[in-house]
Each structure stands twice: as C-alpha cells, then as structure tokens.
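Asks: Dropping in query-v8.txt, which is compact mmCIF, N, CA and C atoms:
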# COMPACT_ATOMS: atom_id res chain seq x y z
N MET I 6 0.84 -1.17 0.00
CA MET I 6 0.00 0.00 0.00
C MET I 6 0.89 1.25 0.00
N THR I 7 0.56 2.20 -0.84
CA THR I 7 1.33 3.44 -0.89
C THR I 7 0.84 4.40 0.19
N TRP I 8 1.63 5.45 0.43
CA TRP I 8 1.26 6.45 1.41
C TRP I 8 -0.04 7.14 1.01
N ASP I 9 -0.19 7.46 -0.28
CA ASP I 9 -1.41 8.11 -0.76
C ASP I 9 -2.63 7.23 -0.53
N GLN I 10 -2.49 5.95 -0.78
CA GLN I 10 -3.61 5.03 -0.55
C GLN I 10 -3.96 4.96 0.94
N PHE I 11 -2.93 4.88 1.76
CA PHE I 11 -3.14 4.84 3.21
C PHE I 11 -3.84 6.11 3.69
N THR I 12 -3.36 7.26 3.21
CA THR I 12 -3.95 8.54 3.59
C THR I 12 -5.41 8.60 3.16
N GLN I 13 -5.69 8.16 1.95
CA GLN I 13 -7.07 8.17 1.45
C GLN I 13 -7.97 7.30 2.32
N LEU I 14 -7.48 6.13 2.73
CA LEU I 14 -8.26 5.26 3.61
C LEU I 14 -8.57 5.95 4.94
N LEU I 15 -7.58 6.65 5.49
CA LEU I 15 -7.82 7.38 6.73
C LEU I 15 -8.86 8.48 6.55
N TRP I 16 -8.72 9.24 5.46
CA TRP I 16 -9.70 10.30 5.19
C TRP I 16 -11.10 9.70 5.07
N ASP I 17 -11.22 8.63 4.29
CA ASP I 17 -12.53 8.02 4.08
C ASP I 17 -13.12 7.47 5.37
N ARG I 18 -12.26 6.98 6.23
CA ARG I 18 -12.71 6.36 7.50
C ARG I 18 -13.15 7.41 8.52
N TYR I 19 -12.41 8.51 8.63
CA TYR I 19 -12.65 9.44 9.72
C TYR I 19 -13.25 10.79 9.33
N ILE I 20 -13.17 11.15 8.08
CA ILE I 20 -13.77 12.42 7.63
C ILE I 20 -14.59 12.12 6.38
N PRO I 21 -15.91 12.11 6.52
CA PRO I 21 -16.77 11.79 5.38
C PRO I 21 -16.58 12.78 4.22
N PRO I 22 -16.80 12.31 2.99
CA PRO I 22 -16.62 13.18 1.83
C PRO I 22 -17.41 14.49 1.91
N SER I 23 -18.62 14.45 2.44
CA SER I 23 -19.41 15.68 2.53
C SER I 23 -18.75 16.70 3.46
N GLN I 24 -18.17 16.23 4.56
CA GLN I 24 -17.47 17.13 5.47
C GLN I 24 -16.19 17.66 4.83
N ARG I 25 -15.48 16.80 4.10
CA ARG I 25 -14.26 17.26 3.41
C ARG I 25 -14.61 18.33 2.39
N GLN I 26 -15.71 18.14 1.68
CA GLN I 26 -16.13 19.13 0.68
C GLN I 26 -16.46 20.46 1.35
N GLU I 27 -17.12 20.42 2.51
CA GLU I 27 -17.44 21.65 3.23
C GLU I 27 -16.16 22.35 3.69
N LEU I 28 -15.21 21.58 4.22
CA LEU I 28 -13.94 22.15 4.66
C LEU I 28 -13.14 22.72 3.49
N ARG I 29 -13.19 22.05 2.35
CA ARG I 29 -12.52 22.54 1.15
C ARG I 29 -13.12 23.88 0.72
N GLY I 30 -14.45 23.98 0.81
CA GLY I 30 -15.12 25.24 0.48
C GLY I 30 -14.72 26.37 1.42
N GLN I 31 -14.62 26.05 2.72
CA GLN I 31 -14.17 27.05 3.69
C GLN I 31 -12.75 27.51 3.36
N PHE I 32 -11.92 26.57 2.94
CA PHE I 32 -10.55 26.91 2.58
C PHE I 32 -10.52 27.86 1.38
N GLU I 33 -11.32 27.56 0.38
CA GLU I 33 -11.33 28.38 -0.83
C GLU I 33 -11.82 29.80 -0.54
N GLN I 34 -12.65 29.98 0.49
CA GLN I 34 -13.19 31.29 0.84
C GLN I 34 -12.37 32.01 1.91
N LEU I 35 -11.37 31.35 2.45
CA LEU I 35 -10.62 31.89 3.59
C LEU I 35 -9.86 33.16 3.22
N GLU I 36 -10.02 34.18 4.06
CA GLU I 36 -9.25 35.41 3.97
C GLU I 36 -8.87 35.82 5.38
N LYS I 37 -7.82 36.60 5.50
CA LYS I 37 -7.33 37.01 6.81
C LYS I 37 -8.36 37.84 7.57
N GLY I 38 -8.98 38.78 6.89
CA GLY I 38 -9.97 39.62 7.55
C GLY I 38 -9.41 40.26 8.80
N GLN I 39 -10.10 40.09 9.92
CA GLN I 39 -9.69 40.69 11.20
C GLN I 39 -8.73 39.81 11.99
N MET I 40 -8.44 38.61 11.48
CA MET I 40 -7.53 37.72 12.19
C MET I 40 -6.10 38.25 12.11
N SER I 41 -5.29 37.85 13.07
CA SER I 41 -3.86 38.13 12.96
C SER I 41 -3.28 37.19 11.91
N VAL I 42 -2.09 37.48 11.42
CA VAL I 42 -1.45 36.59 10.46
C VAL I 42 -1.24 35.21 11.09
N THR I 43 -0.91 35.17 12.37
CA THR I 43 -0.71 33.89 13.06
C THR I 43 -2.00 33.08 13.07
N ASP I 44 -3.12 33.71 13.42
CA ASP I 44 -4.40 33.00 13.43
C ASP I 44 -4.81 32.59 12.02
N TYR I 45 -4.60 33.48 11.05
CA TYR I 45 -4.91 33.17 9.65
C TYR I 45 -4.09 31.98 9.19
N GLU I 46 -2.81 31.95 9.50
CA GLU I 46 -1.95 30.85 9.08
C GLU I 46 -2.39 29.54 9.72
N ALA I 47 -2.78 29.57 10.99
CA ALA I 47 -3.24 28.36 11.66
C ALA I 47 -4.50 27.81 10.98
N ARG I 48 -5.44 28.68 10.68
CA ARG I 48 -6.68 28.25 10.00
C ARG I 48 -6.37 27.79 8.58
N PHE I 49 -5.49 28.51 7.90
CA PHE I 49 -5.07 28.15 6.55
C PHE I 49 -4.48 26.74 6.54
N SER I 50 -3.56 26.48 7.48
CA SER I 50 -2.92 25.16 7.54
C SER I 50 -3.92 24.06 7.85
N GLU I 51 -4.82 24.35 8.78
CA GLU I 51 -5.84 23.36 9.14
C GLU I 51 -6.73 23.01 7.94
N LEU I 52 -7.22 24.05 7.27
CA LEU I 52 -8.13 23.80 6.15
C LEU I 52 -7.41 23.29 4.91
N SER I 53 -6.14 23.65 4.74
CA SER I 53 -5.42 23.23 3.53
C SER I 53 -5.23 21.71 3.50
N LEU I 54 -5.31 21.06 4.64
CA LEU I 54 -5.22 19.60 4.66
C LEU I 54 -6.33 18.97 3.83
N HIS I 55 -7.44 19.69 3.70
CA HIS I 55 -8.59 19.19 2.96
C HIS I 55 -8.61 19.70 1.52
N ALA I 56 -7.55 20.36 1.13
CA ALA I 56 -7.49 20.94 -0.21
C ALA I 56 -6.17 20.60 -0.89
N LEU I 57 -5.63 19.44 -0.57
CA LEU I 57 -4.33 19.06 -1.13
C LEU I 57 -4.35 18.99 -2.65
N MET I 58 -5.48 18.64 -3.23
CA MET I 58 -5.56 18.56 -4.69
C MET I 58 -5.55 19.96 -5.31
N ILE I 59 -6.01 20.94 -4.55
CA ILE I 59 -6.04 22.32 -5.05
C ILE I 59 -4.65 22.93 -5.02
N LEU I 60 -3.85 22.55 -4.02
CA LEU I 60 -2.52 23.13 -3.82
C LEU I 60 -1.46 22.04 -3.80
N PRO I 61 -1.20 21.41 -4.93
CA PRO I 61 -0.24 20.30 -4.92
C PRO I 61 1.22 20.72 -4.74
N THR I 62 1.54 21.99 -4.97
CA THR I 62 2.94 22.41 -4.83
C THR I 62 3.06 23.51 -3.78
N ASP I 63 4.27 23.67 -3.27
CA ASP I 63 4.54 24.72 -2.28
C ASP I 63 4.28 26.10 -2.88
N ALA I 64 4.64 26.29 -4.14
CA ALA I 64 4.44 27.59 -4.79
C ALA I 64 2.95 27.94 -4.85
N GLU I 65 2.11 26.97 -5.13
CA GLU I 65 0.67 27.23 -5.17
C GLU I 65 0.13 27.51 -3.77
N ARG I 66 0.68 26.84 -2.79
CA ARG I 66 0.28 27.08 -1.40
C ARG I 66 0.65 28.51 -1.00
N VAL I 67 1.85 28.95 -1.37
CA VAL I 67 2.29 30.32 -1.08
C VAL I 67 1.35 31.32 -1.75
N GLN I 68 1.05 31.11 -3.01
CA GLN I 68 0.19 32.05 -3.73
C GLN I 68 -1.19 32.14 -3.10
N ARG I 69 -1.75 31.00 -2.68
CA ARG I 69 -3.09 31.02 -2.06
C ARG I 69 -3.04 31.70 -0.70
N PHE I 70 -1.99 31.43 0.07
CA PHE I 70 -1.84 32.07 1.38
C PHE I 70 -1.77 33.58 1.22
N VAL I 71 -0.93 34.05 0.32
CA VAL I 71 -0.74 35.49 0.11
C VAL I 71 -2.03 36.12 -0.42
N ALA I 72 -2.77 35.42 -1.24
CA ALA I 72 -4.02 35.96 -1.78
C ALA I 72 -5.03 36.27 -0.68
N GLY I 73 -4.96 35.58 0.44
CA GLY I 73 -5.88 35.83 1.53
C GLY I 73 -5.44 36.91 2.50
N LEU I 74 -4.23 37.43 2.32
CA LEU I 74 -3.72 38.48 3.20
C LEU I 74 -4.27 39.85 2.83
N HIS I 75 -4.13 40.80 3.73
CA HIS I 75 -4.52 42.18 3.47
C HIS I 75 -3.69 42.70 2.29
N PRO I 76 -4.29 43.48 1.39
CA PRO I 76 -3.54 43.97 0.22
C PRO I 76 -2.22 44.67 0.55
N SER I 77 -2.16 45.38 1.66
CA SER I 77 -0.90 46.06 1.99
C SER I 77 0.20 45.05 2.32
N ILE I 78 -0.15 43.94 2.94
CA ILE I 78 0.83 42.90 3.22
C ILE I 78 1.19 42.19 1.92
N GLN I 79 0.18 41.95 1.07
CA GLN I 79 0.44 41.32 -0.24
C GLN I 79 1.49 42.12 -1.01
N ALA I 80 1.31 43.43 -1.04
CA ALA I 80 2.23 44.27 -1.80
C ALA I 80 3.64 44.20 -1.22
N SER I 81 3.73 44.12 0.09
CA SER I 81 5.04 44.08 0.74
C SER I 81 5.76 42.75 0.54
N ILE I 82 5.01 41.72 0.23
CA ILE I 82 5.60 40.39 0.14
C ILE I 82 5.67 39.89 -1.31
N ALA I 83 5.26 40.72 -2.24
CA ALA I 83 5.19 40.31 -3.66
C ALA I 83 6.52 39.81 -4.19
N ARG I 84 7.60 40.46 -3.82
CA ARG I 84 8.92 40.06 -4.32
C ARG I 84 9.26 38.64 -3.90
N GLU I 85 8.98 38.30 -2.65
CA GLU I 85 9.26 36.95 -2.16
C GLU I 85 8.46 35.90 -2.91
N VAL I 86 7.22 36.23 -3.22
CA VAL I 86 6.38 35.30 -3.97
C VAL I 86 6.97 35.07 -5.36
N GLU I 87 7.38 36.15 -6.01
CA GLU I 87 7.97 36.04 -7.35
C GLU I 87 9.28 35.27 -7.34
N MET I 88 10.03 35.36 -6.25
CA MET I 88 11.31 34.68 -6.16
C MET I 88 11.17 33.20 -5.80
N GLY I 89 9.95 32.76 -5.52
CA GLY I 89 9.73 31.36 -5.19
C GLY I 89 10.08 31.01 -3.76
N THR I 90 9.98 31.99 -2.87
CA THR I 90 10.27 31.76 -1.46
C THR I 90 9.32 30.71 -0.89
N ASP I 91 9.83 29.84 -0.02
CA ASP I 91 8.99 28.75 0.48
C ASP I 91 7.95 29.27 1.47
N TYR I 92 6.94 28.42 1.71
CA TYR I 92 5.78 28.78 2.51
C TYR I 92 6.15 29.27 3.90
N GLN I 93 6.99 28.54 4.60
CA GLN I 93 7.35 28.90 5.97
C GLN I 93 7.96 30.29 6.05
N LEU I 94 8.84 30.61 5.12
CA LEU I 94 9.48 31.92 5.13
C LEU I 94 8.49 33.03 4.76
N VAL I 95 7.63 32.78 3.79
CA VAL I 95 6.62 33.77 3.41
C VAL I 95 5.70 34.06 4.59
N MET I 96 5.30 33.02 5.30
CA MET I 96 4.44 33.19 6.47
C MET I 96 5.16 34.02 7.54
N GLU I 97 6.42 33.72 7.79
CA GLU I 97 7.18 34.47 8.79
C GLU I 97 7.34 35.94 8.38
N ILE I 98 7.59 36.20 7.12
CA ILE I 98 7.72 37.58 6.64
C ILE I 98 6.40 38.31 6.82
N ALA I 99 5.29 37.65 6.51
CA ALA I 99 3.97 38.27 6.68
C ALA I 99 3.72 38.61 8.15
N ARG I 100 4.12 37.72 9.05
CA ARG I 100 3.97 38.01 10.49
C ARG I 100 4.79 39.23 10.89
N ARG I 101 6.02 39.31 10.39
CA ARG I 101 6.87 40.46 10.73
C ARG I 101 6.28 41.76 10.20
N ILE I 102 5.81 41.74 8.97
CA ILE I 102 5.21 42.94 8.38
C ILE I 102 4.02 43.38 9.21
N GLU I 103 3.18 42.44 9.60
CA GLU I 103 2.03 42.77 10.43
C GLU I 103 2.50 43.38 11.77
N GLY I 104 3.52 42.81 12.36
CA GLY I 104 4.06 43.35 13.62
C GLY I 104 4.58 44.76 13.45
N TYR I 105 5.33 45.00 12.37
CA TYR I 105 5.85 46.35 12.11
C TYR I 105 4.70 47.34 11.96
N ARG I 106 3.70 46.95 11.22
CA ARG I 106 2.56 47.86 10.99
C ARG I 106 1.80 48.13 12.28
N GLN I 107 1.64 47.09 13.11
CA GLN I 107 0.95 47.27 14.38
C GLN I 107 1.72 48.21 15.29
N ARG I 108 3.04 48.02 15.37
CA ARG I 108 3.85 48.91 16.19
C ARG I 108 3.80 50.33 15.66
N GLY I 109 3.77 50.50 14.35
CA GLY I 109 3.65 51.82 13.75
C GLY I 109 2.34 52.48 14.11
N ARG I 110 1.24 51.71 14.07
CA ARG I 110 -0.06 52.27 14.46
C ARG I 110 -0.07 52.66 15.93
N GLU I 111 0.53 51.82 16.77
CA GLU I 111 0.60 52.13 18.20
C GLU I 111 1.42 53.39 18.45
N GLN I 112 2.53 53.53 17.73
CA GLN I 112 3.37 54.72 17.89
C GLN I 112 2.62 55.97 17.44
N MET I 113 1.90 55.87 16.35
CA MET I 113 1.11 57.01 15.88
C MET I 113 0.07 57.41 16.92
N GLN I 114 -0.57 56.41 17.54
CA GLN I 114 -1.57 56.69 18.57
C GLN I 114 -0.93 57.38 19.77
N GLN I 115 0.24 56.91 20.17
CA GLN I 115 0.96 57.53 21.30
C GLN I 115 1.34 58.97 20.95
N ASP I 116 1.81 59.18 19.73
CA ASP I 116 2.18 60.52 19.30
C ASP I 116 0.98 61.46 19.33
N LYS I 117 -0.17 60.97 18.91
CA LYS I 117 -1.39 61.78 18.93
C LYS I 117 -1.76 62.15 20.36
N GLU I 118 -1.64 61.18 21.25
CA GLU I 118 -1.96 61.43 22.66
C GLU I 118 -1.02 62.46 23.26
N VAL I 119 0.26 62.38 22.95
CA VAL I 119 1.24 63.34 23.45
C VAL I 119 0.90 64.73 22.93
N LEU I 120 0.60 64.86 21.63
CA LEU I 120 0.24 66.16 21.07
C LEU I 120 -1.02 66.72 21.72
N PHE I 121 -1.97 65.85 21.96
CA PHE I 121 -3.21 66.30 22.60
C PHE I 121 -2.94 66.81 24.01
N LEU I 122 -2.12 66.09 24.77
CA LEU I 122 -1.80 66.49 26.14
C LEU I 122 -1.01 67.82 26.16
N ARG I 123 -0.18 68.02 25.17
CA ARG I 123 0.58 69.28 25.11
C ARG I 123 -0.33 70.47 24.85
N ARG I 124 -1.39 70.24 24.12
CA ARG I 124 -2.34 71.32 23.81
C ARG I 124 -3.20 71.68 25.00
N VAL I 125 -3.39 70.71 25.87
CA VAL I 125 -4.29 70.95 27.02
C VAL I 125 -3.61 71.68 28.11
Once more with this new file: its structure as structure tokens, please.
Replies:
Amino acid sequence: MTWDQFTQLLWDRYIPPSQRQELRGQFEQLEKGQMSVTDYEARFSELSLHALMILPTDAERVQRFVAGLHPSIQASIAREVEMGTDYQLVMEIARRIEGYRQRGREQMQQDKEVLFLRRV
C-alpha cells in the first residue's frame, strides 16, 4: 500500500466526503480579515489539509496564502512570492510585516496622545 492510498483510507474512514467538501469550500473562501497573520496561518494550515488537490505544490500554497492576506501585506511580500520563497518563510515575513505595521499604528496613537496632552 502506498502512502497516498493509506492517507485516502484514513480520510474516508474518519472524515466523510461531505465534510471534506465543506472544509474545502471554507478553505477556498478563507481570507485574513480581522484575524492576525498567526491566526490566519493556523486556520489556513488546518483547512489546507482538505485541499491538497487544489494546492499540490509549495508555490501554489504560497500564492493562495498570500491571496488571503490584506492587500498592503500582499504588496510588501510580492517580491518573495515572485522569487519562489517557500511557505514557511513567506508566512514568517507576513507576520513580521504585520508586527511592524501594528507597532507603527501604536506609535502614531501615542504621538497623537502626546500632542493632545501638550495642547491641554
């Protein structure tokens, strides 16, 4: 028995085809939205197990992951996607970009508060 055959038997035994189809649909609709990149990646990885036929290569997995990110993160990571960077590194870069942007927003908020207090 091959690994693929064994895996298929496990899927058939423990996850009915109708449930796999529903999970595959959730995967196809998945976007980051209000989730953090870490939460998005966890959900992406969980659901991608049910979409292996959709994403047979690492490059396709990277492209689908990036497509669900916020456009500003997509733009920042476009070069890595074009260079064929692997999934783990693309995910880590997306997390860093999100962290930088969050810290920038927090700094802007602090600066606004300081300016407001100086005016009062």
Asks: With a distance cut-off of 8 Å and all atoms listed in the file, select the neighbouring residues of Gln68 of chain I, excluding the residue or stretch itself and same-chain residues fewer than 6 positions from it, and output the selection as a short mmCIF file (atom, residue, chain, number, x, y, z; two decimals) with N, CA and C atoms, in the coordinates of the input.
Replies:
data_model
loop_
_atom_site.label_atom_id
_atom_site.label_comp_id
_atom_site.auth_asym_id
_atom_site.auth_seq_id
_atom_site.Cartn_x
_atom_site.Cartn_y
_atom_site.Cartn_z
N THR I 62 1.54 21.99 -4.97
CA THR I 62 2.94 22.41 -4.83
C THR I 62 3.06 23.51 -3.78
N VAL I 86 7.22 36.23 -3.22
CA VAL I 86 6.38 35.30 -3.97
C VAL I 86 6.97 35.07 -5.36
N TYR I 92 6.94 28.42 1.71
CA TYR I 92 5.78 28.78 2.51
C TYR I 92 6.15 29.27 3.90
#
Asks: Might you pull out every residue within 8 Å of Asp91 of chain I, with only N, CA and C atoms counted and same-chain residues fewer than 6 positions away left off, and present them as an NGL selection string?
Replies: :I and (63-64 or 66-67 or 85 or 97)
Asks: Point out the residue among I:Arg84, I:Pro61, I:Gln34, I:Thr12 with the least atom-to-atom distance to Arg48 of chain I, counting only C-alpha atoms.
Replies: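 Nearest candidate to Arg48 of chain I out of I:Arg84, I:Pro61, I:Gln34, I:Thr12: I:Gln34.
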Asks: Anything within 8 Å of (9.4, 40.9, 1.9): list those residues as a VMD selection string, counting all atoms listed in the file and sticking to the file's coordinates.
Replies: chain I and resid 80 to 86 95 98 to 99 102
Asks: Residues within 9 Å of Gly38 of chain I, please, as a PyMOL selection string. Count only C-alpha atoms; anything in the same chain fewer than 2 positions from it doesn't count.
Replies: chain I and resi 35-36+40-41+45+73-75
Asks: Could you tell me how far atom CA of Gln31 of chain I lies from atom N of Ala72 of chain I, in Å and to one decimal?
Replies: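 Atom N of Ala72 of chain I lies at a distance of 15.0 Å from atom CA of Gln31 of chain I.
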Asks: To one decimal place in Å, what is the distance between atom C of Ser50 of chain I and atom N of Arg100 of chain I?
Replies: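 Computing the Euclidean distance for atom C of Ser50 of chain I and atom N of Arg100 of chain I yields 15.9 Å.
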Asks: Pull the alpha helix (DSSP H) assignments for segment 7-109 of chain I out of DSSP run on the backbone, and list those residues as number ranges by chain.
Replies: I: 8-19, 22-34, 42-53, 63-72, 76-87, 92-109
Asks: What is the atom C of Glu27 of chain I-atom C of His55 of chain I distance in Å, reported with one decimal?
Replies: 8.3 Å
Asks: Which residues are near Arg25 of chain I? Cut-off 10 Å, only C-alpha atoms, ignore same chain within fewer than 2 positions. Put them as a PyMOL selection string.
Replies: chain I and resi 16-17+20-23+27-31+52+54-56
Asks: Starting from 5 Å padding per side, set up an axis-aligned box that covers all listed atoms of segment 78-91 of chain I and hand over centre and edge lengths in Å, one decimal, as lines of an AutoDock Vina configuration file.
Replies:
center_x = 5.6
center_y = 36.5
center_z = -2.1
size_x = 21.5
size_y = 25.5
size_z = 20.6
Asks: For each of I:Gln10, I:Gln39, I:Gln26, I:Gln112, take the minimum atom-to-atom distance to Ser53 of chain I, counting only C-alpha atoms, then give the residue where this is smallest.
Replies: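 Among I:Gln10, I:Gln39, I:Gln26, I:Gln112, it is I:Gln26 that comes nearest to Ser53 of chain I.
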Asks: Nearest to Pro76 of chain I: which of I:Tyr19, I:Glu103, I:Phe11, I:Ala47 is it, counting only C-alpha atoms?
Replies: I:Glu103
